[in-house]
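Below is the file data_34.tsv, which contains TSV, C-alpha atoms.
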chain	number	residue	atom	x	y	z
D	1	MET	CA	-33.11	32.91	135.29
D	2	THR	CA	-29.57	34.16	134.76
D	3	ALA	CA	-29.29	37.89	134.08
D	4	SER	CA	-27.91	39.19	130.80
D	5	GLN	CA	-24.48	40.82	130.73
D	6	THR	CA	-22.88	43.43	128.52
D	7	ARG	CA	-19.12	43.73	128.84
D	8	TYR	CA	-16.79	46.59	127.97
D	9	VAL	CA	-13.54	44.97	129.00
D	10	ALA	CA	-10.06	46.36	128.48
D	11	HIS	CA	-8.15	43.37	129.87
D	12	PRO	CA	-8.89	39.63	130.17
D	13	LEU	CA	-10.94	38.83	133.25
D	14	SER	CA	-9.51	36.54	135.91
D	15	PRO	CA	-11.31	33.29	136.81
D	16	GLU	CA	-12.15	34.81	140.21
D	17	VAL	CA	-13.86	37.82	138.57
D	18	GLU	CA	-15.71	35.52	136.16
D	19	ARG	CA	-17.05	33.46	139.07
D	20	ALA	CA	-18.10	36.57	140.97
D	21	LEU	CA	-19.97	37.90	137.93
D	22	ALA	CA	-21.68	34.54	137.42
D	23	ARG	CA	-22.87	34.50	141.04
D	24	LEU	CA	-24.20	38.04	140.66
D	25	ALA	CA	-26.01	37.16	137.44
D	26	ASP	CA	-27.79	34.30	139.24
D	27	ALA	CA	-28.95	36.46	142.16
D	28	PRO	CA	-32.74	36.94	142.47
D	29	ASP	CA	-34.29	39.83	140.51
D	30	VAL	CA	-31.00	40.82	138.82
D	31	GLN	CA	-32.13	41.78	135.33
D	32	HIS	CA	-28.93	42.97	133.65
D	33	ILE	CA	-25.27	43.58	134.49
D	34	ALA	CA	-23.01	46.04	132.68
D	35	VAL	CA	-19.35	45.18	133.25
D	36	MET	CA	-17.07	48.20	133.08
D	37	PRO	CA	-13.49	48.08	131.71
D	38	ASP	CA	-12.05	48.79	135.18
D	39	VAL	CA	-13.78	45.77	136.78
D	40	HIS	CA	-11.87	43.98	139.53
D	41	LEU	CA	-12.50	41.64	142.42
D	42	ALA	CA	-13.96	42.97	145.66
D	43	GLU	CA	-16.01	41.74	148.61
D	44	GLU	CA	-19.23	40.02	147.46
D	45	VAL	CA	-19.75	42.15	144.32
D	46	CYS	CA	-16.97	43.25	141.95
D	47	VAL	CA	-15.99	46.90	141.68
D	48	GLY	CA	-16.72	48.19	138.18
D	49	VAL	CA	-20.29	47.02	137.58
D	50	ALA	CA	-23.74	48.49	137.06
D	51	VAL	CA	-26.55	46.16	138.15
D	52	ALA	CA	-30.27	46.51	137.34
D	53	THR	CA	-33.10	45.04	139.39
D	54	SER	CA	-36.85	45.60	139.36
D	55	HIS	CA	-37.65	45.67	143.09
D	56	LEU	CA	-34.79	44.25	145.17
D	57	VAL	CA	-31.97	46.47	146.42
D	58	TYR	CA	-28.57	44.89	147.14
D	59	PRO	CA	-26.37	46.83	149.62
D	60	ALA	CA	-23.33	44.84	148.42
D	61	ALA	CA	-23.89	46.13	144.86
D	62	VAL	CA	-23.51	49.68	146.16
D	63	GLY	CA	-20.60	48.97	148.48
D	64	GLY	CA	-19.58	50.43	151.80
D	65	ASP	CA	-18.22	53.82	150.81
D	66	ILE	CA	-21.63	55.10	149.74
D	67	GLY	CA	-21.37	58.26	147.65
D	68	CYS	CA	-17.64	57.94	147.11
D	69	GLY	CA	-16.79	60.10	144.14
D	70	MET	CA	-14.82	62.80	142.41
D	71	ALA	CA	-14.66	66.58	142.12
D	72	ALA	CA	-12.59	68.81	139.84
D	73	LEU	CA	-12.07	72.57	139.71
D	74	ARG	CA	-9.93	74.83	137.48
D	75	PHE	CA	-7.61	77.59	138.71
D	76	ASP	CA	-6.82	80.85	136.93
D	77	ALA	CA	-3.18	79.77	136.76
D	78	SER	CA	-1.00	77.76	134.42
D	79	ALA	CA	0.79	74.58	135.37
D	80	ASP	CA	4.07	76.49	135.17
D	81	ALA	CA	3.01	78.52	138.21
D	82	LEU	CA	3.39	75.43	140.39
D	83	GLY	CA	7.09	74.63	140.04
D	84	ASP	CA	9.12	72.71	142.60
D	85	VAL	CA	8.89	75.37	145.30
D	86	GLY	CA	5.18	75.92	144.76
D	87	ALA	CA	4.53	72.17	144.83
D	88	ALA	CA	6.35	71.81	148.15
D	89	ARG	CA	4.31	74.68	149.58
D	90	VAL	CA	1.03	73.17	148.33
D	91	LEU	CA	1.87	69.79	149.89
D	92	ALA	CA	2.72	71.50	153.19
D	93	GLY	CA	-0.54	73.44	153.00
D	94	LEU	CA	-2.55	70.27	152.40
D	95	TYR	CA	-0.91	68.57	155.37
D	96	GLU	CA	-1.91	71.57	157.47
D	97	ARG	CA	-5.49	71.86	156.21
D	98	VAL	CA	-6.62	68.32	155.34
D	99	PRO	CA	-6.61	65.60	158.02
D	100	ARG	CA	-6.20	62.22	156.39
D	101	GLY	CA	-6.67	58.52	156.93
D	102	ARG	CA	-7.95	57.71	160.40
D	103	GLN	CA	-7.02	61.10	161.79
D	104	GLN	CA	-9.99	62.94	163.26
D	105	ARG	CA	-10.43	66.55	164.21
D	106	ALA	CA	-13.78	67.43	165.76
D	107	GLY	CA	-15.16	70.74	164.59
D	108	PHE	CA	-12.75	70.95	161.67
D	109	ARG	CA	-15.55	72.18	159.41
D	110	LEU	CA	-19.01	73.55	159.99
D	111	TRP	CA	-21.78	70.96	159.79
D	112	PRO	CA	-23.82	71.53	156.60
D	113	ASP	CA	-27.44	72.57	156.68
D	114	GLY	CA	-29.95	69.90	155.68
D	115	LEU	CA	-27.92	66.99	157.07
D	116	ASP	CA	-29.77	66.08	160.27
D	117	SER	CA	-28.36	62.97	161.94
D	118	ASP	CA	-31.77	62.27	163.50
D	119	GLU	CA	-33.07	61.49	160.00
D	120	LEU	CA	-31.06	58.25	160.00
D	121	SER	CA	-33.12	55.12	160.59
D	122	HIS	CA	-31.49	53.81	163.78
D	123	PRO	CA	-30.11	55.47	166.94
D	124	SER	CA	-26.75	53.73	166.47
D	125	LEU	CA	-26.34	55.33	163.04
D	126	ALA	CA	-27.47	58.72	164.33
D	127	GLY	CA	-24.95	58.45	167.17
D	128	LEU	CA	-22.15	57.58	164.75
D	129	ALA	CA	-23.08	60.57	162.58
D	130	ARG	CA	-22.91	62.90	165.59
D	131	GLY	CA	-19.56	61.41	166.60
D	132	ASP	CA	-17.28	60.14	163.84
D	133	GLY	CA	-19.44	61.82	161.19
D	134	ARG	CA	-18.81	65.28	162.59
D	135	ALA	CA	-15.17	64.53	163.37
D	136	GLN	CA	-14.43	63.16	159.88
D	137	LEU	CA	-16.21	65.81	157.82
D	138	GLY	CA	-13.53	67.48	155.71
D	139	THR	CA	-11.03	64.63	156.07
D	140	LEU	CA	-9.48	62.55	153.30
D	141	GLY	CA	-10.02	58.81	153.35
D	142	SER	CA	-7.23	56.26	153.02
D	143	GLY	CA	-6.58	53.72	150.27
D	144	ASN	CA	-7.09	55.19	146.81
D	145	HIS	CA	-8.53	58.50	148.01
D	146	PHE	CA	-6.43	61.49	147.01
D	147	ILE	CA	-6.08	65.16	146.16
D	148	GLU	CA	-4.22	66.01	142.94
D	149	LEU	CA	-3.15	69.03	140.96
D	150	GLN	CA	-3.21	68.44	137.21
D	151	ALA	CA	-2.64	70.22	133.91
D	152	ASP	CA	-5.03	70.08	130.96
D	153	GLU	CA	-4.08	70.18	127.26
D	154	GLU	CA	-3.85	73.97	127.40
D	155	ASP	CA	-1.56	73.78	130.44
D	156	ARG	CA	-4.20	75.20	132.81
D	157	LEU	CA	-4.02	74.11	136.43
D	158	TRP	CA	-6.81	71.88	137.82
D	159	LEU	CA	-7.66	70.40	141.18
D	160	MET	CA	-9.06	66.85	141.33
D	161	LEU	CA	-10.01	64.93	144.45
D	162	HIS	CA	-11.49	61.57	145.40
D	163	SER	CA	-13.22	60.86	148.71
D	164	GLY	CA	-16.47	59.54	150.11
D	165	SER	CA	-18.67	59.02	153.15
D	166	ARG	CA	-15.89	58.01	155.56
D	167	ALA	CA	-17.15	55.92	158.52
D	168	ILE	CA	-20.87	56.48	158.00
D	169	GLY	CA	-21.15	54.71	154.61
D	170	PRO	CA	-19.75	51.35	155.74
D	171	ALA	CA	-21.84	51.54	158.92
D	172	ILE	CA	-25.03	52.06	156.90
D	173	ARG	CA	-24.19	49.14	154.63
D	174	ALA	CA	-23.42	46.82	157.54
D	175	HIS	CA	-26.53	47.85	159.47
D	176	HIS	CA	-28.92	47.18	156.61
D	177	ALA	CA	-27.12	44.11	155.21
D	178	ALA	CA	-27.59	42.47	158.62
D	179	ARG	CA	-31.34	43.06	158.32
D	180	ALA	CA	-31.64	42.04	154.68
D	181	GLU	CA	-33.05	38.73	153.48
D	182	PRO	CA	-30.85	36.03	151.90
D	183	ALA	CA	-30.84	36.32	148.10
D	184	GLY	CA	-28.59	33.69	146.57
D	185	HIS	CA	-25.11	34.28	147.95
D	186	LEU	CA	-26.01	37.90	148.72
D	187	ARG	CA	-28.58	39.68	150.87
D	188	ALA	CA	-31.29	41.98	149.53
D	189	LEU	CA	-34.03	44.33	150.63
D	190	ASP	CA	-37.35	44.84	148.88
D	191	ALA	CA	-37.47	48.54	147.98
D	192	GLY	CA	-41.22	48.57	148.63
D	193	THR	CA	-40.95	47.48	152.25
D	194	GLU	CA	-40.21	49.54	155.35
D	195	ALA	CA	-36.75	47.94	155.59
D	196	GLY	CA	-35.99	48.74	151.95
D	197	ARG	CA	-37.16	52.34	152.28
D	198	ALA	CA	-35.04	52.76	155.40
D	199	TYR	CA	-31.91	51.62	153.55
D	200	LEU	CA	-32.61	53.89	150.60
D	201	ALA	CA	-33.18	56.88	152.90
D	202	ASP	CA	-29.97	56.22	154.83
D	203	MET	CA	-28.08	55.74	151.56
D	204	GLY	CA	-29.38	59.13	150.43
D	205	TRP	CA	-28.10	60.65	153.68
D	206	ALA	CA	-24.64	59.17	153.06
D	207	LEU	CA	-24.66	60.49	149.49
D	208	ARG	CA	-25.30	64.01	150.81
D	209	TYR	CA	-22.63	63.60	153.48
D	210	ALA	CA	-20.06	62.46	150.90
D	211	ASP	CA	-20.89	65.44	148.70
D	212	ALA	CA	-20.50	67.82	151.65
D	213	ASN	CA	-17.19	66.16	152.55
D	214	ARG	CA	-15.85	66.76	149.04
D	215	ARG	CA	-17.00	70.38	149.19
D	216	HIS	CA	-14.98	70.93	152.37
D	217	LEU	CA	-11.97	69.21	150.81
D	218	ILE	CA	-12.26	71.51	147.80
D	219	ASP	CA	-12.33	74.56	150.05
D	220	ALA	CA	-9.29	73.42	152.01
D	221	SER	CA	-7.38	72.56	148.82
D	222	VAL	CA	-8.21	75.92	147.24
D	223	GLU	CA	-6.91	77.63	150.38
D	224	ALA	CA	-3.66	75.64	150.16
D	225	VAL	CA	-3.12	76.51	146.49
D	226	ALA	CA	-3.95	80.18	147.02
D	227	ALA	CA	-1.50	80.44	149.93
D	228	ALA	CA	1.25	78.64	147.99
D	229	ILE	CA	1.07	80.16	144.49
D	230	GLY	CA	-1.75	82.71	144.59
D	231	GLY	CA	-4.05	80.86	142.17
D	232	ARG	CA	-7.78	81.52	142.37
D	233	ALA	CA	-10.44	78.90	141.70
D	234	ASP	CA	-13.05	79.25	138.97
D	235	GLU	CA	-16.23	77.94	140.64
D	236	SER	CA	-18.03	77.82	137.29
D	237	SER	CA	-15.68	75.02	136.18
D	238	LEU	CA	-16.72	72.61	138.99
D	239	VAL	CA	-17.35	69.00	137.89
D	240	THR	CA	-18.61	66.38	140.35
D	241	CYS	CA	-19.82	62.78	140.23
D	242	ASP	CA	-20.08	59.77	142.50
D	243	HIS	CA	-19.63	56.09	141.74
D	244	ASN	CA	-21.25	54.11	144.60
D	245	HIS	CA	-25.05	54.41	144.70
D	246	ALA	CA	-28.41	52.91	143.75
D	247	ARG	CA	-31.22	54.92	142.19
D	248	ARG	CA	-34.42	54.50	140.24
D	249	GLU	CA	-33.94	54.99	136.50
D	250	THR	CA	-35.72	54.19	133.26
D	251	HIS	CA	-33.89	52.06	130.70
D	252	ARG	CA	-35.51	50.77	127.51
D	253	GLY	CA	-38.90	51.72	128.92
D	254	ALA	CA	-38.49	49.77	132.17
D	255	GLU	CA	-38.32	51.28	135.67
D	256	LEU	CA	-35.28	49.76	137.37
D	257	TRP	CA	-33.10	50.07	140.42
D	258	VAL	CA	-29.64	50.70	138.99
D	259	HIS	CA	-26.84	49.91	141.42
D	260	ARG	CA	-23.40	51.28	140.58
D	261	LYS	CA	-20.37	50.01	142.46
D	262	GLY	CA	-17.28	51.62	141.02
D	263	ALA	CA	-19.18	53.04	138.03
D	264	ILE	CA	-20.39	56.56	137.27
D	265	ALA	CA	-23.73	57.56	135.81
D	266	ALA	CA	-23.07	58.42	132.15
D	267	GLY	CA	-26.46	59.37	130.77
D	268	ALA	CA	-26.53	61.42	127.59
D	269	GLY	CA	-24.66	64.66	128.28
D	270	ALA	CA	-23.91	63.85	131.93
D	271	PRO	CA	-20.53	65.20	133.11
D	272	GLY	CA	-18.12	62.81	134.75
D	273	ILE	CA	-14.54	62.25	135.89
D	274	VAL	CA	-12.47	59.13	135.20
D	275	PRO	CA	-9.16	59.28	137.11
D	276	GLY	CA	-6.04	57.37	136.22
D	277	SER	CA	-3.37	56.50	138.78
D	278	MET	CA	-0.93	58.77	140.63
D	279	GLY	CA	1.29	58.78	137.56
D	280	SER	CA	-1.12	58.47	134.61
D	281	PRO	CA	-3.63	60.76	132.88
D	282	SER	CA	-7.17	61.42	134.04
D	283	TYR	CA	-10.19	62.40	131.96
D	284	HIS	CA	-13.20	64.66	132.18
D	285	VAL	CA	-15.97	63.05	130.16
D	286	GLU	CA	-19.52	63.46	128.96
D	287	GLY	CA	-21.88	60.48	128.96
D	288	ARG	CA	-23.34	59.02	125.78
D	289	GLY	CA	-26.23	57.25	127.53
D	290	ASP	CA	-25.52	53.77	126.19
D	291	PRO	CA	-28.56	51.67	127.17
D	292	ASP	CA	-26.65	48.37	127.26
D	293	ALA	CA	-24.30	49.92	129.81
D	294	LEU	CA	-27.28	51.15	131.87
D	295	GLY	CA	-26.06	54.67	131.12
D	296	SER	CA	-22.82	54.01	133.01
D	297	SER	CA	-19.06	54.34	132.65
D	298	ALA	CA	-15.89	53.15	134.35
D	299	HIS	CA	-14.96	55.16	137.45
D	300	GLY	CA	-11.19	54.94	137.00
D	301	ALA	CA	-8.32	52.76	135.89
D	302	GLY	CA	-9.22	49.87	138.22
D	303	ARG	CA	-6.76	47.76	140.13
D	304	ALA	CA	-4.55	45.32	138.24
D	305	LEU	CA	-2.85	44.03	141.41
D	306	SER	CA	-4.29	43.45	144.84
D	307	ARG	CA	-2.78	45.56	147.58
D	308	THR	CA	-0.95	42.51	148.92
D	309	ASP	CA	0.53	41.69	145.50
D	310	ALA	CA	1.48	45.31	144.90
D	311	ARG	CA	3.34	45.55	148.19
D	312	ARG	CA	5.07	42.26	147.41
D	313	THR	CA	6.22	43.18	143.90
D	314	ILE	CA	6.62	46.97	143.79
D	315	SER	CA	9.62	48.51	145.54
D	316	ARG	CA	10.17	52.06	146.77
D	317	ARG	CA	12.50	52.59	143.82
D	318	ASP	CA	9.84	51.32	141.40
D	319	LEU	CA	7.35	53.79	142.85
D	320	ALA	CA	9.77	56.71	142.52
D	321	GLN	CA	10.50	55.81	138.89
D	322	GLN	CA	6.81	55.50	138.04
D	323	LEU	CA	6.08	58.91	139.60
D	324	GLU	CA	8.87	60.78	137.85
D	325	GLY	CA	7.69	64.33	137.17
D	326	VAL	CA	4.94	64.21	139.82
D	327	ALA	CA	5.35	65.98	143.17
D	328	TRP	CA	4.59	63.74	146.16
D	329	ASP	CA	5.81	63.05	149.68
D	330	HIS	CA	8.81	60.75	149.23
D	331	ARG	CA	8.94	60.13	152.98
D	332	ARG	CA	5.80	58.00	152.57
D	333	ALA	CA	7.12	55.83	149.76
D	334	ASP	CA	6.78	52.56	151.63
D	335	ALA	CA	3.15	53.23	152.58
D	336	LEU	CA	2.28	54.21	149.00
D	337	ARG	CA	3.70	51.19	147.14
D	338	ASP	CA	0.25	49.59	146.81
D	339	GLU	CA	-0.96	52.79	145.11
D	340	ALA	CA	1.81	52.81	142.49
D	341	PRO	CA	0.78	53.26	138.85
D	342	ALA	CA	1.82	49.66	138.12
D	343	ALA	CA	-0.85	48.46	140.58
D	344	TYR	CA	-3.53	49.85	138.23
D	345	LYS	CA	-4.76	49.02	134.77
D	346	ASP	CA	-3.75	51.04	131.72
D	347	ILE	CA	-6.16	53.99	131.74
D	348	THR	CA	-5.67	54.49	127.99
D	349	ARG	CA	-6.99	50.99	127.31
D	350	VAL	CA	-9.87	51.56	129.73
D	351	MET	CA	-10.91	54.71	127.88
D	352	ARG	CA	-10.59	52.98	124.51
D	353	ALA	CA	-12.82	50.12	125.72
D	354	GLN	CA	-15.56	52.56	126.72
D	355	ARG	CA	-15.51	54.91	123.75
D	356	ASP	CA	-19.19	54.07	123.17
D	357	LEU	CA	-20.03	55.04	126.75
D	358	VAL	CA	-18.43	58.48	127.10
D	359	ARG	CA	-16.93	61.30	125.07
D	360	VAL	CA	-13.64	62.74	126.34
D	361	VAL	CA	-13.95	66.45	127.17
D	362	ARG	CA	-10.37	66.94	128.36
D	363	ARG	CA	-7.29	64.92	129.26
D	364	LEU	CA	-5.21	65.92	132.27
D	365	ARG	CA	-1.72	64.93	133.38
D	366	PRO	CA	-0.77	64.67	137.07
D	367	LEU	CA	1.51	67.29	138.63
D	368	LEU	CA	1.09	66.70	142.38
D	369	SER	CA	-0.44	63.92	144.45
D	370	TYR	CA	-1.47	64.01	148.13
D	371	LYS	CA	-2.66	60.70	149.56
D	372	ALA	CA	-3.55	59.29	152.94
D	373	ALA	CA	-2.61	55.66	152.21
Represent the structure from my file as structure tokens, please.
Amino acid sequence: MTASQTRYVAHPLSPEVERALARLADAPDVQHIAVMPDVHLAEEVCVGVAVATSHLVYPAAVGGDIGCGMAALRFDASADALGDVGAARVLAGLYERVPRGRQQRAGFRLWPDGLDSDELSHPSLAGLARGDGRAQLGTLGSGNHFIELQADEEDRLWLMLHSGSRAIGPAIRAHHAARAEPAGHLRALDAGTEAGRAYLADMGWALRYADANRRHLIDASVEAVAAAIGGRADESSLVTCDHNHARRETHRGAELWVHRKGAIAAGAGAPGIVPGSMGSPSYHVEGRGDPDALGSSAHGAGRALSRTDARRTISRRDLAQQLEGVAWDHRRADALRDEAPAAYKDITRVMRAQRDLVRVVRRLRPLLSYKAA
């Protein structure tokens, strides 16, 4: 039986996305799919969906970067305190304090309590956690991961960052997907079996690791801002969320496994962050708990162009024009072309399409962007 779908689309869907959604809807035990306005094509399962099942868990519907998510924190400074000189100093401070991309620096940050690598289900995963996991803790991933400084409507300065579980998340997905049973064009694990419980436990480990990684990135970013302009962080303002996970939830009286791949949990009153692109606004939101959306929301603007198409069509000059007014490292223009604002959907249309899913708490404009790419 084909699963039901509820769509909150901001742009017409491509034939490739339509086919991917149809395959997902036909997968065993998939009960309902909520399609977010930032949906776009990805490996096996589209980014920008929430998927409900009764007993099967699909690693592909969580994705590889388990626990990837956002954090935001306000400073006791106005946006005017940044300025050109301050922005240059902040960027230099981030380069000094935040390793990025595939760079590794063992012992960069203290290993958090309660994150024992021996809790992982297989020696190969435990070994990776002790190796790359320790080396990458406190590092910024590549692609669309970033650290930004932003200004809210009252011109107060905010930090926002996006990162996840680094090497350990994809390794956990690959390990368990290889042991999963065929389920249509995908592979699944029964949550009630030993194999299913092992995946869920390892996923929980990666979620905690990703959260700890963001905490270290916050600390390093706060240090960079304090050294550059003297701003202090207001810890009480912290907002966090993640957008790649599966968890047991109740919707319309039914106990379900809700997978979110590129979607945030937006239950009634739940805080969340929906970023735009390097050159467009971002939003802090509060969930409305829409049951048809499985209590979910878009996790960002969503790609409009593949990375290949963006590199083919967007020039260095285009990127510079699109980032006018935002501080960034111009030396890295060629590497950042596939992250240009034009490579992403219109965040205003995304937010309009999901007005029944979230309430906007504040709108923020970008001032500075630090990316690994």
Worksheet item: In Å, how far is it from atom CA of D:Leu159 to atom CA of D:Arg74?
Response: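 According to the coordinates, atom CA of D:Leu159 and atom CA of D:Arg74 are separated by 6.2 Å.
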Worksheet item: D:Asp116: which residues within 12 Å, counting all atoms listed in the file, same-chain residues fewer than 6 positions away excluded, as an MDAnalysis selection string?
Response: chainID D and resid 125:127 129:130 133:134 202 205:206 208:209
Quick one: which stretch 243-347 of chain D residues come within 12 Å of stretch 183-197 of chain D, and what is the nearest atom pair for each with the distance in Å to one decimal, counting all atoms listed in the file, rows ordered by chain and ascending number, as CSV?
residue,atom,partner,partner_atom,distance
D:Ala246,CA,D:Ala191,CA,10.9
D:Arg247,CA,D:Ala191,CA,10.6
D:Arg248,CA,D:Ala191,CA,10.2
D:Leu256,CA,D:Ala191,CA,10.9
D:Trp257,CA,D:Ala191,CA,8.9
Worksheet item: Please, what distance in Å, to one decimal, runs between atom CA of D:Arg337 and atom CA of D:Ser277?
Response: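 Pair atom CA of D:Arg337 / atom CA of D:Ser277 returns 12.2 Å.
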Discussion item. Give me, as JSON, numbers by chain, all polymer residues having an atom no more than 9 Å from D:Ala327, counting only C-alpha atoms and skipping those fewer than 2 positions away in the same chain.
Written reply: {"D": [84, 87, 88, 91, 323, 324, 325, 329, 330, 366, 367, 368, 369, 370]}
Just to be explicit: take each residue in the selection above, keep C-alpha atoms, and write the result as a compact mmCIF listing (two decimals), keeping the file's coordinate frame.
# COMPACT_ATOMS: atom_id res chain seq x y z
CA ASP D 84 9.12 72.71 142.60
CA ALA D 87 4.53 72.17 144.83
CA ALA D 88 6.35 71.81 148.15
CA LEU D 91 1.87 69.79 149.89
CA LEU D 323 6.08 58.91 139.60
CA GLU D 324 8.87 60.78 137.85
CA GLY D 325 7.69 64.33 137.17
CA ASP D 329 5.81 63.05 149.68
CA HIS D 330 8.81 60.75 149.23
CA PRO D 366 -0.77 64.67 137.07
CA LEU D 367 1.51 67.29 138.63
CA LEU D 368 1.09 66.70 142.38
CA SER D 369 -0.44 63.92 144.45
CA TYR D 370 -1.47 64.01 148.13
May I have the protein, DNA and RNA residues with any atom at most 12 Å from the point (-0.7, 74.2, 155.0), counting all atoms listed in the file, written as a tab-separated table (two decimals) with C-alpha atoms, in the coordinates of the input?
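And here is the file that came out, selection.tsv:
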chain	number	residue	atom	x	y	z
D	86	GLY	CA	5.18	75.92	144.76
D	87	ALA	CA	4.53	72.17	144.83
D	88	ALA	CA	6.35	71.81	148.15
D	89	ARG	CA	4.31	74.68	149.58
D	90	VAL	CA	1.03	73.17	148.33
D	91	LEU	CA	1.87	69.79	149.89
D	92	ALA	CA	2.72	71.50	153.19
D	93	GLY	CA	-0.54	73.44	153.00
D	94	LEU	CA	-2.55	70.27	152.40
D	95	TYR	CA	-0.91	68.57	155.37
D	96	GLU	CA	-1.91	71.57	157.47
D	97	ARG	CA	-5.49	71.86	156.21
D	98	VAL	CA	-6.62	68.32	155.34
D	99	PRO	CA	-6.61	65.60	158.02
D	220	ALA	CA	-9.29	73.42	152.01
D	221	SER	CA	-7.38	72.56	148.82
D	222	VAL	CA	-8.21	75.92	147.24
D	223	GLU	CA	-6.91	77.63	150.38
D	224	ALA	CA	-3.66	75.64	150.16
D	225	VAL	CA	-3.12	76.51	146.49
D	226	ALA	CA	-3.95	80.18	147.02
D	227	ALA	CA	-1.50	80.44	149.93
D	228	ALA	CA	1.25	78.64	147.99
Discussion item. Around the point (-24.7, 52.8, 135.2) (coordinates from the file), which residues reach within 8 Å if we count only C-alpha atoms? Answer as a PyMOL selection string.
Written reply: chain D and resi 34+49-51+258-260+263-266+293-297
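Between atom CA of D:Pro170 and atom CA of D:Arg100 there is a distance of 17.4 Å.
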Discussion item. So that I can check the surroundings of stretch 145-156 of chain D, please list as a VMD selection string every protein, DNA and RNA residue that reaches within 10 Å of it, counting all atoms listed in the file and ignoring chain neighbours fewer than 4 positions away.
Written reply: chain D and resid 68 to 82 87 90 to 91 94 98 100 to 101 140 to 141 160 to 164 217 to 218 221 225 278 281 to 284 326 to 328 339 362 to 373
Edge lengths and centre, in Å to one decimal, as AutoDock Vina command-line options: that's what I need for the box along x, y and z that holds all listed atoms of stretch 348-355 of chain D plus 8 Å on each side.
--center_x -10.6 --center_y 52.5 --center_z 126.7 --size_x 25.9 --size_y 20.8 --size_z 22.0
Fill in: Top pick for closest residue to D:His175, considering D:Ala60, D:Ala310, D:Val274, D:Cys241 and counting all atoms listed in the file
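Checking each candidate against D:His175, we get D:Ala60 as the closest.
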Item to complete: Mind checking which residues fall within 12 Å of D:Gly63, counting all atoms listed in the file, ignoring those fewer than 6 positions away in the same chain, and posting them as a PyMOL selection string?
Response: chain D and resi 42-50+57+164-165+169-174+176-177+203+206+243-246+259-263
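Using only C-alpha atoms for every distance, the candidate list D:Arg359, D:Arg232, D:Arg349, D:Arg23 yields D:Arg359 as the residue closest to D:Pro271.
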Fill in: Best match for closeness to D:Ser280 among D:Leu336, D:Thr313, D:Ile347, D:Leu319, counting all atoms listed in the file
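For D:Ser280, the nearest of the candidates is D:Ile347.
Remark: for D:Gly269, the closest of the candidate residues D:Ala233, D:Leu357, D:Ala304, D:Val350 is D:Leu357 (distances computed over all atoms listed in the file).
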Worksheet item: With all atoms listed in the file as the basis for distance, which of D:Thr240, D:Ser124, D:Gln31, D:Gln5 is at the shortest distance from D:Ile273?
Response: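 Of D:Thr240, D:Ser124, D:Gln31, D:Gln5, the one nearest D:Ile273 is D:Thr240, counting all atoms listed in the file.
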